[in-house]
Amino acid sequence: MVKKRCLIVFFMSLPFVLVFCLNATEVYDSVMIDKLARYVQVSKPTLDVLYNRASVVEYDETEFLSKLSFSCPTFQCFPGLKHNLPHIDLGDLPTAVEKLQELGKIIGCKNLYIKRDDNTGKKVSGEVYRFFGGNKIRKLEFLLAEALSLGCKTVMTIGGAGSNHALATTVCSSNLGLKSVSILGPQENNSIVRRNLLLGEFYGADLNYFKSWKDYPSGIASLFFSAKEIDGIFPYYITVGGSCPLGVVGFVNAAFELKKQIQQGLLPEPDFVYVACGSMGTTAGLILGLKAAGLQSKVIAVKVGDSPRKRKIVDLIKETNYFLHKKDLEFPIFDIKENDIFFEKGFLGKGYSHPTEEAIEAIELMKDCENINLDLTYSGKAFAAVVGHARKNLLQDKVVLFWNTFCGYDYDEIITTVNYKTLPTNLHAYFN
């Protein structure tokens with residue numbers, strides 16, 4: 001339960017006065033437990049104890065108000081959203097669209113484009129490195145805005161040992177003055193896993209590793225208690241990949257960004273948009289966003305894990321659709337069915353994070369031809385699907401957009417300064 005008040009915010013550059021209803025300085029922090037219970041199977045006795053510890057917390061919303069942004073492409077089309085949906089600029093957006101001329105010729109797709117979400121990370125002033133980027137930044141622009149609006153001091157999220165989402169959450173949280181707790185579980189080892197663990201340590205993540213996913217609900221509950229003791233308020237919990245309705249809005253917004261680039265003549269409207277599908281939030285957001293933007297492009301969701309199911313994606317789309325409609329009644333309700341979901345399952349291999357020969361080749365092609373880095377877990381398998389389909393002459397006369405979700409910056413200068421032995425002991429096996 002949140003007490004609210006109406007604030008009038010004056011913008012010198014705009015010819016109008018915006019009335020924005022925002023959180024007041026008091027929040028009942030049981031709302032954070034509600035978010036946890038929705039996505040984590042915490043036992044009822046533990047939940048009862050958590051709710052008994054809930055309290056009214058006061059906080060200063062001045063800093064939050066100063067960070068708000070109203071520049072989203074989606075807000076421009078549905079102005080009612082900016083009155084009800086806090087947003088903070090975290091990414092270097094819009095990301096570029098580039099035509100892959102030579103690579104397209106090699107694989108047999110003459111109209112091949114790439115969306116450079118690998119470049120969402122903003123460069124730090126006076127530094128030689130960039131903040132971590134990739135597709136998760138778009139989701140965090142809305143999720144962390146809500147965390148700040150609720151007065152939270154700590155953000156908690158979950159993922160595999162080398163989770164890009166957990167790392168992006170840590171980096172963005174740090175940039176906003178929030179603490180970050182990462183709940184990590186088993187993942188097939190590779191260089192990106194090791195890189196992300198070292199970067200997490202560098203950026204100050206509280207890393208917590210569980211060798212079995214069965215142990216994490218009780219572990220999260222324990223960390224929830226600890227955060228309350230330290231901060232005086234429960235932490236803000238973000239589910240895996242940020243793939244909840246509020247996080248999905250980040251890729252609804254991305255679809256409107258793409259529409260604007262099409263209107264600017266940067267690329268024709270794609271026939272197909274290829275994207276890696278893991279926790280499903282990126283896929284769900286693009287499908288809903290393209291529909292809302294009036295584009296006919298079909299999203300080809302390349303399965304990179306065992307979780308994605310058409311039914312789950314449809315449910316996530318519908319939940320996000322109703323969420324946005326509730327925030328702005330002008331946002332339409334769409335009838336999206338399982339038949340509207342286009343899955344590509346043939347490039348998964350043995351499972352999540354297991355390398356495949358097709359992905360290795362696709363990564364090498366992209367690096368050799370365009371000097372763009374992909375990874376074996378997500379973007380490499382997604383681009384392998386593009387290569388495979390092109391070689392079967394399925395894309396010869398089509399306009400294809402490959403959405404690169406991987407943050408492929410060179411972090412060697414940072415990670416060489418981090419000793420893996422400073423990580424929790426149960427993570428050392430990834431380096432041994």
# chains A, B, ... in the order shown; residues from 1 in each chain; ligands from 1
>>> residues_around(residues="range 414-423 of chain A", least_positions_apart="6", cutoff="9 Å", atoms="only C-alpha atoms", output="PyMOL selection string")
chain A and resi 129+194-199+201-202+207+431
>>> residues_around(residues="range 325-333 of chain A", least_positions_apart="3", cutoff="6 Å", atoms="only C-alpha atoms", output="list in words")
Gly80, Leu81, Asn84 and Tyr322 of chain A
>>> atom_distance(atom1="CA of Thr46 in chain A", atom2="CA of Ser218 in chain A")
8.5 Å
>>> select_by_dssp(residues="range 33-268 of chain A", states="strand (DSSP E)", output="VMD selection string")
chain A and resid 56 to 58 97 to 99 111 to 116 154 to 160 179 to 185 206 to 209 236 to 238
>>> residues_around(residues="Gln187 in chain A", least_positions_apart="4", cutoff="9 Å", atoms="only C-alpha atoms", output="NGL selection string")
:A and (160-163 or 193 or 352-353)
>>> closest_atom_pairs(of="range 157-268 of chain A", to="range 307-316 of chain A", cutoff="10 Å", atoms="only C-alpha atoms", output="tab-separated table")
residue	atom	partner	partner_atom	distance
A:Ser243	CA	A:Leu316	CA	8.3
A:Cys244	CA	A:Leu316	CA	7.4
A:Pro245	CA	A:Leu316	CA	6.8
A:Val248	CA	A:Leu316	CA	8.3
>>> write_last_selection(atoms="C-alpha atoms", output="PDB file, in the first residue's frame")
ATOM      1  CA  SER A 243      10.691 -10.780 -17.606  1.00  0.00           C
ATOM      2  CA  CYS A 244       7.661  -9.457 -15.764  1.00  0.00           C
ATOM      3  CA  PRO A 245       5.078  -7.065 -17.258  1.00  0.00           C
ATOM      4  CA  VAL A 248       8.518  -6.342 -20.820  1.00  0.00           C
TER       5      VAL A 248
END
>>> closest_residue(among="A:Val273, A:Ile220, A:Cys109, A:Val181", to="Lys392 in chain A", atoms="only C-alpha atoms")
A:Cys109
